[in-house]
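J.: Enclosed is the structure file entry.tsv (TSV, C-alpha atoms).
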```tsv
chain	number	residue	atom	x	y	z
Q	1	MET	CA	-20.81	-12.30	13.88
Q	2	LYS	CA	-18.33	-11.89	16.73
Q	3	PHE	CA	-15.32	-9.60	16.39
Q	4	ARG	CA	-12.17	-9.95	18.45
Q	5	LYS	CA	-11.04	-6.67	19.97
Q	6	ASP	CA	-7.61	-7.56	21.28
Q	7	ARG	CA	-4.57	-5.29	21.11
Q	8	ASP	CA	-3.02	-6.88	17.99
Q	9	ILE	CA	-6.20	-6.49	15.93
Q	10	ILE	CA	-6.83	-2.90	17.05
Q	11	LYS	CA	-3.17	-2.04	16.30
Q	12	PHE	CA	-3.31	-3.64	12.85
Q	13	ILE	CA	-6.61	-1.98	11.91
Q	14	GLY	CA	-5.30	1.35	13.27
Q	15	ILE	CA	-2.17	1.14	11.12
Q	16	SER	CA	-4.29	0.24	8.07
Q	17	LEU	CA	-6.63	3.21	8.67
Q	18	GLY	CA	-3.58	5.45	9.12
Q	19	ALA	CA	-2.16	4.23	5.80
Q	20	ILE	CA	-5.51	4.91	4.07
Q	21	LEU	CA	-5.67	8.43	5.50
Q	22	ALA	CA	-2.01	9.17	4.67
Q	23	GLY	CA	-2.58	7.76	1.18
Q	24	ILE	CA	-5.58	10.04	0.58
Q	25	ILE	CA	-3.72	13.12	1.87
Q	26	ILE	CA	-0.62	12.37	-0.24
Q	27	PHE	CA	-2.74	11.61	-3.31
Q	28	LEU	CA	-4.76	14.81	-3.04
Q	29	PHE	CA	-2.18	17.33	-1.87
Q	30	ILE	CA	1.34	16.19	-2.81
Q	31	GLU	CA	1.22	15.87	-6.55
Q	32	PRO	CA	4.83	14.75	-7.27
Q	33	VAL	CA	4.36	11.57	-5.18
Q	34	ARG	CA	0.75	10.75	-6.04
Q	35	ALA	CA	1.68	7.14	-6.91
Q	36	ILE	CA	2.96	6.59	-3.36
Q	37	GLY	CA	-0.33	7.93	-2.03
Q	38	LEU	CA	-2.25	5.51	-4.20
Q	39	LEU	CA	-0.06	2.59	-3.09
Q	40	LEU	CA	-0.52	3.55	0.57
Q	41	PHE	CA	-4.29	3.76	0.07
Q	42	LEU	CA	-4.44	0.35	-1.65
Q	43	GLY	CA	-2.13	-1.23	0.96
Q	44	GLY	CA	-4.28	0.24	3.73
Q	45	MET	CA	-7.47	-1.12	2.15
Q	46	ILE	CA	-5.95	-4.61	1.82
Q	47	GLY	CA	-4.70	-4.39	5.42
Q	48	LEU	CA	-8.10	-3.25	6.68
Q	49	THR	CA	-9.87	-6.12	4.87
Q	50	ALA	CA	-7.36	-8.66	6.21
Q	51	GLY	CA	-7.71	-7.18	9.71
Q	52	ILE	CA	-11.52	-7.42	9.65
Q	53	ILE	CA	-11.36	-11.03	8.38
Q	54	ALA	CA	-8.79	-11.91	11.09
Q	55	ALA	CA	-11.00	-10.25	13.74
Q	56	THR	CA	-13.85	-12.65	12.93
Q	57	LYS	CA	-11.64	-15.69	13.61
Q	58	SER	CA	-10.42	-17.00	16.94
Q	59	LYS	CA	-6.70	-16.81	17.75
Q	60	GLU	CA	-6.50	-20.62	17.54
Q	61	ASP	CA	-7.79	-20.53	13.95
Q	62	LEU	CA	-4.99	-18.20	12.97
Q	63	ILE	CA	-2.03	-20.12	14.38
Q	64	GLU	CA	0.23	-21.60	11.80
Q	65	ASP	CA	0.39	-25.29	12.64
Q	66	GLU	CA	2.50	-27.98	10.98
Q	67	ARG	CA	-0.27	-28.92	8.54
Q	68	SER	CA	-0.65	-25.40	7.14
Q	69	VAL	CA	3.15	-25.01	6.96
Q	70	ARG	CA	3.40	-28.31	5.07
Q	71	ILE	CA	0.62	-27.34	2.66
Q	72	ARG	CA	2.23	-23.96	2.02
Q	73	ASP	CA	5.66	-25.52	1.46
Q	74	LYS	CA	4.27	-28.15	-0.90
Q	75	ALA	CA	2.20	-25.64	-2.90
Q	76	GLY	CA	5.04	-23.12	-2.91
Q	77	TYR	CA	7.57	-25.62	-4.20
Q	78	SER	CA	5.25	-26.86	-6.97
Q	79	ALA	CA	4.30	-23.28	-7.94
Q	80	PHE	CA	7.98	-22.30	-8.04
Q	81	ILE	CA	8.85	-25.21	-10.34
Q	82	ALA	CA	5.81	-24.48	-12.54
Q	83	THR	CA	6.75	-20.77	-12.76
Q	84	LEU	CA	10.34	-21.67	-13.68
Q	85	LEU	CA	9.08	-24.05	-16.36
Q	86	ILE	CA	6.75	-21.42	-17.80
Q	87	ALA	CA	9.54	-18.84	-17.71
Q	88	ALA	CA	11.78	-21.29	-19.56
Q	89	ILE	CA	9.19	-22.38	-22.12
Q	90	ILE	CA	7.88	-18.92	-23.08
Q	91	PRO	CA	11.15	-17.66	-24.66
Q	92	LEU	CA	11.24	-20.90	-26.66
Q	93	LEU	CA	7.67	-20.32	-27.83
Q	94	ARG	CA	8.65	-16.78	-28.70
Q	95	LEU	CA	11.40	-18.10	-30.94
Q	96	LEU	CA	8.78	-20.22	-32.68
Q	97	LYS	CA	6.47	-17.18	-32.75
Q	98	LEU	CA	3.86	-19.04	-30.66
Q	99	SER	CA	4.14	-17.16	-27.38
Q	100	PRO	CA	0.87	-15.73	-26.03
Q	101	ILE	CA	2.73	-13.48	-23.57
Q	102	LEU	CA	5.82	-12.31	-25.43
Q	103	THR	CA	5.31	-10.94	-28.89
Q	104	PRO	CA	8.00	-9.16	-30.91
Q	105	SER	CA	6.50	-5.86	-29.79
Q	106	ARG	CA	6.58	-6.84	-26.13
Q	107	GLU	CA	9.82	-7.04	-24.18
Q	108	LEU	CA	10.73	-9.80	-21.74
Q	109	ALA	CA	10.53	-7.35	-18.82
Q	110	GLU	CA	6.84	-6.77	-19.55
Q	111	GLY	CA	6.12	-10.48	-19.92
Q	112	VAL	CA	7.77	-11.26	-16.59
Q	113	GLN	CA	4.88	-9.53	-14.79
Q	114	ASP	CA	2.43	-11.96	-16.41
Q	115	ILE	CA	4.64	-14.90	-15.45
Q	116	TRP	CA	4.67	-13.73	-11.81
Q	117	ILE	CA	0.89	-13.40	-11.78
Q	118	ILE	CA	0.51	-16.89	-13.30
Q	119	GLY	CA	2.91	-18.24	-10.63
Q	120	LEU	CA	0.94	-16.56	-7.86
Q	121	TRP	CA	-2.34	-18.05	-9.13
Q	122	ILE	CA	-0.75	-21.50	-9.42
Q	123	PHE	CA	0.32	-21.15	-5.77
Q	124	ILE	CA	-3.16	-20.09	-4.61
Q	125	VAL	CA	-4.89	-22.91	-6.52
Q	126	LEU	CA	-2.37	-25.54	-5.36
Q	127	ARG	CA	-2.69	-24.43	-1.75
Q	128	TRP	CA	-6.46	-24.80	-1.96
Q	129	TYR	CA	-6.10	-28.20	-3.64
Q	130	CYS	CA	-3.54	-29.53	-1.12
Q	131	ASN	CA	-5.75	-28.34	1.73
Q	132	LYS	CA	-8.78	-30.21	0.31
Q	133	LYS	CA	-6.90	-33.34	-0.63
Q	134	GLY	CA	-5.15	-33.93	2.68
Q	135	ASP	CA	-1.85	-35.72	3.10
Q	136	MET	CA	-2.27	-39.47	3.31
Q	137	ILE	CA	0.22	-42.28	3.49
I	1	MET	CA	-3.36	-45.31	8.25
I	2	ARG	CA	-6.28	-45.09	10.63
I	3	THR	CA	-6.41	-43.46	14.01
I	4	ARG	CA	-8.21	-44.00	17.29
I	5	ILE	CA	-8.14	-40.30	18.16
I	6	LYS	CA	-11.93	-39.94	18.13
I	7	GLU	CA	-12.44	-42.94	20.41
I	8	LEU	CA	-9.70	-41.90	22.85
I	9	ARG	CA	-10.88	-38.32	22.81
I	10	ALA	CA	-14.34	-39.49	23.86
I	11	ARG	CA	-12.79	-41.58	26.64
I	12	TYR	CA	-11.10	-38.50	28.14
I	13	ASP	CA	-14.06	-36.26	27.33
I	14	LEU	CA	-12.06	-33.94	25.08
I	15	THR	CA	-13.45	-31.94	22.20
I	16	GLN	CA	-11.52	-31.52	18.97
I	17	GLU	CA	-10.95	-27.89	19.94
I	18	GLU	CA	-9.53	-28.81	23.33
I	19	LEU	CA	-7.22	-31.47	21.91
I	20	ALA	CA	-6.05	-29.05	19.21
I	21	LYS	CA	-5.28	-26.42	21.82
I	22	LYS	CA	-3.35	-28.90	23.98
I	23	VAL	CA	-1.10	-30.01	21.12
I	24	GLY	CA	-0.81	-26.58	19.48
I	25	VAL	CA	-2.55	-27.16	16.15
I	26	ARG	CA	-5.76	-26.01	14.48
I	27	ARG	CA	-9.00	-27.90	15.03
I	28	GLU	CA	-9.04	-28.53	11.29
I	29	THR	CA	-5.83	-30.57	11.64
I	30	ILE	CA	-7.50	-32.81	14.23
I	31	VAL	CA	-10.46	-33.26	11.83
I	32	PHE	CA	-8.08	-34.35	9.05
I	33	LEU	CA	-6.22	-36.67	11.43
I	34	GLU	CA	-9.44	-38.35	12.57
I	35	LYS	CA	-10.45	-38.90	8.97
I	36	GLY	CA	-7.02	-40.44	8.29
I	37	LYS	CA	-6.37	-37.71	5.73
I	38	TYR	CA	-3.26	-36.27	7.30
I	39	ASN	CA	0.08	-37.82	8.04
I	40	PRO	CA	1.34	-36.12	11.24
I	41	SER	CA	4.94	-35.41	12.14
I	42	LEU	CA	6.49	-37.65	14.77
I	43	LYS	CA	6.33	-34.77	17.26
I	44	LEU	CA	2.62	-34.16	16.72
I	45	ALA	CA	1.90	-37.91	16.90
I	46	TYR	CA	3.86	-38.07	20.17
I	47	ASP	CA	2.08	-35.02	21.62
I	48	ILE	CA	-1.35	-36.41	20.74
I	49	ALA	CA	-0.51	-39.82	22.19
I	50	LYS	CA	0.74	-38.13	25.36
I	51	VAL	CA	-2.45	-36.07	25.79
I	52	LEU	CA	-4.54	-39.21	25.18
I	53	LYS	CA	-2.38	-41.15	27.69
I	54	SER	CA	-1.49	-43.84	25.14
I	55	ASN	CA	1.40	-45.03	23.04
I	56	ILE	CA	1.79	-43.76	19.49
I	57	GLU	CA	1.03	-47.19	18.05
I	58	GLU	CA	-2.21	-47.35	20.05
I	59	VAL	CA	-3.38	-44.06	18.54
I	60	PHE	CA	-2.07	-44.37	14.99
I	61	ILE	CA	-2.58	-47.72	13.34
I	62	PHE	CA	-0.63	-48.41	10.19
I	63	GLU	CA	-2.20	-51.01	7.96
I	64	GLU	CA	0.09	-52.67	5.49
I	65	GLU	CA	-1.13	-52.74	1.91
I	66	SER	CA	-1.73	-56.25	0.63
```
Starting from the file, give its structure as structure tokens.
T.:
Amino acid sequence: MKFRKDRDIIKFIGISLGAILAGIIIFLFIEPVRAIGLLLFLGGMIGLTAGIIAATKSKEDLIEDERSVRIRDKAGYSAFIATLLIAAIIPLLRLLKLSPILTPSRELAEGVQDIWIIGLWIFIVLRWYCNKKGDMI
Amino acid sequence: MRTRIKELRARYDLTQEELAKKVGVRRETIVFLEKGKYNPSLKLAYDIAKVLKSNIEEVFIFEEES
């Protein structure tokens, strides 16, 4: 497997490693802000993984052309509408005591996190589907 | 819609990668175009036709549904 070693990749991986290191130091030694340390560590790990994946691809593979923009827009719009519909339907289901996400013991603010995660998954799945299906006349 | 991209590419001895680079898209987009699975923007259609030294209607052939 070939890895690109250009300036952008090195910079990105360097920043990610820095975030991991800072995260570990904050988590271990600065107790009042341990959560920030953990977030920095997780962000750094995600950045490092993304950087390594990007390094295996050529620059041309990473450019955002009109097809990928169109797929993203299409999937994003559909996911947004689906998320809005779910967010609108769930309170109704709650009134009928049928909601799987919002129960009387669970507030709307807690359920919103689930709705966001559902929306994100809908977006990921739709983007994959639109990419496979193509865009024919 | 069908396209003559593959045929014209062969005429000018261009790979999918080279054509993609010339028109500023991913190789994958050229693959989808050749399969007739992607409907390009007017700008992309124009750019491809220009690289392949043809008119848009020579490269992209619209077949009316009967």
J.: Output as a PDB file with C-alpha atoms, in the coordinates of the input the set of chain I residues within 9 Å of chain Q, with distances taken over all atoms listed in the file.
T.:
```pdb
ATOM      1  CA  MET I   1      -3.360 -45.310   8.250  1.00  0.00           C
ATOM      2  CA  GLU I  17     -10.950 -27.890  19.940  1.00  0.00           C
ATOM      3  CA  ALA I  20      -6.050 -29.050  19.210  1.00  0.00           C
ATOM      4  CA  LYS I  21      -5.280 -26.420  21.820  1.00  0.00           C
ATOM      5  CA  GLY I  24      -0.810 -26.580  19.480  1.00  0.00           C
ATOM      6  CA  VAL I  25      -2.550 -27.160  16.150  1.00  0.00           C
ATOM      7  CA  ARG I  26      -5.760 -26.010  14.480  1.00  0.00           C
ATOM      8  CA  ARG I  27      -9.000 -27.900  15.030  1.00  0.00           C
ATOM      9  CA  GLU I  28      -9.040 -28.530  11.290  1.00  0.00           C
ATOM     10  CA  THR I  29      -5.830 -30.570  11.640  1.00  0.00           C
ATOM     11  CA  PHE I  32      -8.080 -34.350   9.050  1.00  0.00           C
ATOM     12  CA  GLY I  36      -7.020 -40.440   8.290  1.00  0.00           C
ATOM     13  CA  LYS I  37      -6.370 -37.710   5.730  1.00  0.00           C
ATOM     14  CA  TYR I  38      -3.260 -36.270   7.300  1.00  0.00           C
ATOM     15  CA  ASN I  39       0.080 -37.820   8.040  1.00  0.00           C
ATOM     16  CA  PRO I  40       1.340 -36.120  11.240  1.00  0.00           C
ATOM     17  CA  SER I  41       4.940 -35.410  12.140  1.00  0.00           C
ATOM     18  CA  LEU I  44       2.620 -34.160  16.720  1.00  0.00           C
TER      19      LEU I  44
END
```
J.: Within 12 Å of (0.8, -15.0, -13.6) (file coordinates; only C-alpha atoms), which protein or nucleic acid residues are there? I'd like them as a PDB file with C-alpha atoms, in the frame of the given file.
T.:
```pdb
ATOM      1  CA  ALA Q  79       4.300 -23.280  -7.940  1.00  0.00           C
ATOM      2  CA  PHE Q  80       7.980 -22.300  -8.040  1.00  0.00           C
ATOM      3  CA  ALA Q  82       5.810 -24.480 -12.540  1.00  0.00           C
ATOM      4  CA  THR Q  83       6.750 -20.770 -12.760  1.00  0.00           C
ATOM      5  CA  LEU Q  84      10.340 -21.670 -13.680  1.00  0.00           C
ATOM      6  CA  ILE Q  86       6.750 -21.420 -17.800  1.00  0.00           C
ATOM      7  CA  ALA Q  87       9.540 -18.840 -17.710  1.00  0.00           C
ATOM      8  CA  ILE Q 101       2.730 -13.480 -23.570  1.00  0.00           C
ATOM      9  CA  GLU Q 110       6.840  -6.770 -19.550  1.00  0.00           C
ATOM     10  CA  GLY Q 111       6.120 -10.480 -19.920  1.00  0.00           C
ATOM     11  CA  VAL Q 112       7.770 -11.260 -16.590  1.00  0.00           C
ATOM     12  CA  GLN Q 113       4.880  -9.530 -14.790  1.00  0.00           C
ATOM     13  CA  ASP Q 114       2.430 -11.960 -16.410  1.00  0.00           C
ATOM     14  CA  ILE Q 115       4.640 -14.900 -15.450  1.00  0.00           C
ATOM     15  CA  TRP Q 116       4.670 -13.730 -11.810  1.00  0.00           C
ATOM     16  CA  ILE Q 117       0.890 -13.400 -11.780  1.00  0.00           C
ATOM     17  CA  ILE Q 118       0.510 -16.890 -13.300  1.00  0.00           C
ATOM     18  CA  GLY Q 119       2.910 -18.240 -10.630  1.00  0.00           C
ATOM     19  CA  LEU Q 120       0.940 -16.560  -7.860  1.00  0.00           C
ATOM     20  CA  TRP Q 121      -2.340 -18.050  -9.130  1.00  0.00           C
ATOM     21  CA  ILE Q 122      -0.750 -21.500  -9.420  1.00  0.00           C
ATOM     22  CA  PHE Q 123       0.320 -21.150  -5.770  1.00  0.00           C
ATOM     23  CA  ILE Q 124      -3.160 -20.090  -4.610  1.00  0.00           C
TER      24      ILE Q 124
END
```
J.: Show me, as AutoDock Vina command-line options, the centre and edge lengths in Å to one decimal of the axis-aligned box that covers every listed atom of region 56-66 of chain I with 6 Å on each side.
T.:
```
--center_x -0.8 --center_y -50.0 --center_z 10.3 --size_x 17.2 --size_y 24.5 --size_z 31.4
```
J.: Tell me, in Å to one decimal, how far CA of Gly47 (chain Q) is from CA of Ala22 (chain Q).
T.: 13.8 Å
J.: Do you have the CA of Pro91 (chain Q)-CA of Asp73 (chain Q) distance handy?
T.: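 We find that CA of Pro91 (chain Q) and CA of Asp73 (chain Q) lie 27.8 Å from each other.
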J.: What gap, in Å, lies between CA of Arg11 (chain I) and CA of Ser54 (chain I)?
T.: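 So the answer is 11.6 Å.
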J.: List the spatial neighbours of Phe12 (chain Q) as a count of residues only - criterion: any atom at most 12 Å away, only C-alpha atoms, same-chain residues fewer than 2 positions off excluded.
T.: 24
J.: Pick out the closest residue to Tyr12 (chain I) from this set: I:Lys43, I:Ile56, I:Glu64, I:Val51. Count all atoms listed in the file.
T.: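 With all atoms listed in the file as the atom set, the closest residue is I:Val51.
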